[in-house]
Amino acid sequence: MSVPAPASRAYSHYALGVLATANLLSFINRNIVFALFEPIKLDLSLTDTQLGWLASAYVLIFSLAALPFGVISDLRSRRAVITLGALLWSAFTLGSGLATSFGLLLACRALVGVGGAAFAGPAQSMVADYFKLRGRAMAMGILAAGITLGGVLGIWLGGRLEAAYGWRTTLVVVSLPGFVLALLTARLRDPVRRPGGLSLRAALAETHVGIIALARQFLPLLGSLVVGSVLAIYFDRLYGADSKVDTAAFALAVAIGLALNIRIWVKRFAAAPATGPRPLVRAFGERAISLATVLRTPTLVYVFLGGALISFGMNGLVGWAPTFMSRELNLSVAKAAELLGSWGLLSGICGVLFGGVLADWLRRYTPTGRVLTISLGLLIGGPLAIWLLTLRDLDLFVPVFAAAFFFLSWFNGPIAAVIFDVVPSTISATVAGAYLLFIHLVGDAVAFPLIGALSDRLGLDRAVLLLPAVAVLGGLVILGATRTVARDMARVDKAVSQ
């Protein structure tokens, strides 16, 4: 296989534009449901607990699917997996608008999460390869802007479109642009040579595994599903149908089981030989050995733990913000969504771009520049967000919100750039998938129901204060990477040069 010519600067920026737009659409499709909770509840006669599951279904399935899709994209084609993701989230958002029952709607929202998972890791990996060193944090910031901007824009669009056309038409309308983007992502050129693909016949030939043997491979996860279900039933009966404690217990049990399963898989693959007649075993073995090495990288430990705390705080804030403003500031859901969308879009774009520029500028003078940018934004924006949640004067609320969101948006690009700075390109999508799995399963999958449970007991005005406080803690944890990032970057550079 010949090495492709390096992508031109112009083509790299074109590819970044396509992928960033697709990422924006992905998170619009994810977060739009938050603005539609009330009309969906009335139309389908749902409980608050069921609404909570609509939010958690996406996050849980997204988390579980992120790592496998990362591995597949490293083994096969990042471009193909990205395109598949766009088609999946578009098709099942459209299907959500046609759902006539809670079960169908829950299944569609879960499958939207599969599409988001297929897109996220491979897209980050490709952008990192388009921008090897110069401007990497800025490029990753532009791509990651879709997470924050798509979140607030989804809420804004949801409020506006639902008021005019209803929730079903809203979901159908926002699904359509994804099909167009899939046509563009399918034609993107991969900037580096990828590992040789495996034939489907060879892959199937190696899956002759009995049901019992297959079940053993997933024993911790299956056990956690049983334990989580028992706990969910217990807490549902103890606290009532509207409590979110049952959802939090289930998510936490599954997260622990999945973590144990991944630990077992990594140990088994790392101990197995990476050579032999079976190409699928060999390919996954090589990747698992590399992944085991990466998991011993100290910088990634800080980034994974800090990223989970940030995900808990930031995504929890985005998800609960419309309800908080409706209850505490006496605004309609549509008005709250419009305010969050307009000011969030403006301050979020400025924050993401400034954070990327600052991180790349500091990187010229110190290897810790990107890590410092992440922590600085959170340590400034977090306290502002805590103050914001105590305000009830709308005239003061808006400028403080804009300032807090500006600083809290800094981390998007630099945190992704740090991951790819300390990870070999050959397994970058796999590691990105593992990162997404960890931060969402341990972070916002727990945040949504936990804040709901605390709200039932303490009031939403007190419960939401936990979210920015946890995000600040994430900034402090990631600050620990300033001691390790230079050494880990040098290790990757040495491995690549050999």
# chains A, B, ... in the order shown; residues from 1 in each chain; ligands from 1
call {"tool": "residues_around", "arguments": {"residues": "A:Leu436", "least_positions_apart": "4", "cutoff": "7 Å", "atoms": "only C-alpha atoms", "output": "list of chain:residue names"}}
result
A:Ser63, A:Ala66, A:Ala432, A:His440
call {"tool": "residues_around", "arguments": {"residues": "A:Ser409", "least_positions_apart": "2", "cutoff": "9 Å", "atoms": "only C-alpha atoms", "output": "list in words"}}
result
Ala145, Thr148, Ser347, Gly348, Ile349, Cys350, Gly351, Val352, Leu353, Phe354, Gly355, Gly377, Leu378, Gly381, Ala404, Phe405, Phe406, Phe407, Phe411, Asn412 and Gly413 of chain A
call {"tool": "write_last_selection", "arguments": {"atoms": "C-alpha atoms", "output": "PDB file, in the first residue's frame"}}
result
ATOM      1  CA  ALA A 145     -17.074  23.117  19.323  1.00  0.00           C
ATOM      2  CA  THR A 148     -21.003  22.648  23.238  1.00  0.00           C
ATOM      3  CA  SER A 347     -19.913  33.012  23.879  1.00  0.00           C
ATOM      4  CA  GLY A 348     -19.270  29.352  23.058  1.00  0.00           C
ATOM      5  CA  ILE A 349     -17.808  30.093  19.610  1.00  0.00           C
ATOM      6  CA  CYS A 350     -15.601  32.835  21.052  1.00  0.00           C
ATOM      7  CA  GLY A 351     -14.493  30.589  23.928  1.00  0.00           C
ATOM      8  CA  VAL A 352     -13.670  27.582  21.757  1.00  0.00           C
ATOM      9  CA  LEU A 353     -11.670  29.651  19.267  1.00  0.00           C
ATOM     10  CA  PHE A 354      -9.840  31.606  21.969  1.00  0.00           C
ATOM     11  CA  GLY A 355      -9.039  28.435  23.914  1.00  0.00           C
ATOM     12  CA  GLY A 377     -10.619  28.028  31.664  1.00  0.00           C
ATOM     13  CA  LEU A 378     -12.334  25.688  34.136  1.00  0.00           C
ATOM     14  CA  GLY A 381     -15.435  29.643  34.455  1.00  0.00           C
ATOM     15  CA  ALA A 404     -18.974  31.724  32.352  1.00  0.00           C
ATOM     16  CA  PHE A 405     -19.707  29.879  29.120  1.00  0.00           C
ATOM     17  CA  PHE A 406     -16.821  31.665  27.371  1.00  0.00           C
ATOM     18  CA  PHE A 407     -14.259  30.361  29.877  1.00  0.00           C
ATOM     19  CA  PHE A 411     -11.161  23.071  27.207  1.00  0.00           C
ATOM     20  CA  ASN A 412     -12.817  21.565  24.089  1.00  0.00           C
ATOM     21  CA  GLY A 413      -9.898  21.731  21.649  1.00  0.00           C
TER      22      GLY A 413
END
call {"tool": "residues_around", "arguments": {"residues": "A:Val492", "least_positions_apart": "2", "cutoff": "8 Å", "atoms": "only C-alpha atoms", "output": "list in words"}}
result
Asp421, Val422, Val423, Pro424, Asp488, Met489, Ala490, Lys494, Ala495 and Val496 of chain A
call {"tool": "atom_distance", "arguments": {"atom1": "atom CA of A:Ala163", "atom2": "atom CA of A:Ser101"}}
result
21.5 Å
call {"tool": "residues_around", "arguments": {"residues": "A:Trp53", "least_positions_apart": "6", "cutoff": "10 Å", "atoms": "only C-alpha atoms", "output": "ChimeraX atom specification"}}
result
/A:59-60,106,109-110,244,247,445,448-449
call {"tool": "closest_residue", "arguments": {"among": "A:Tyr14, A:Phe304, A:Tyr130, A:Phe69", "to": "A:Gly480", "atoms": "only C-alpha atoms"}}
result
A:Phe304
call {"tool": "closest_residue", "arguments": {"among": "A:Pro399, A:Pro39, A:Gly116, A:Pro298", "to": "A:Gly166", "atoms": "only C-alpha atoms"}}
result
A:Pro39
call {"tool": "residues_around", "arguments": {"residues": "A:Ala65", "least_positions_apart": "6", "cutoff": "10 Å", "atoms": "only C-alpha atoms", "output": "number ranges by chain"}}
result
A: 59, 113-118, 433-434, 436-437
call {"tool": "closest_residue", "arguments": {"among": "A:Ser375, A:Thr93, A:Ser175, A:Gln124", "to": "A:Ala137", "atoms": "only C-alpha atoms"}}
result
A:Gln124
call {"tool": "closest_residue", "arguments": {"among": "A:Ala429, A:Ile142, A:Leu67, A:Leu46", "to": "A:Pro414", "atoms": "only C-alpha atoms"}}
result
A:Ile142
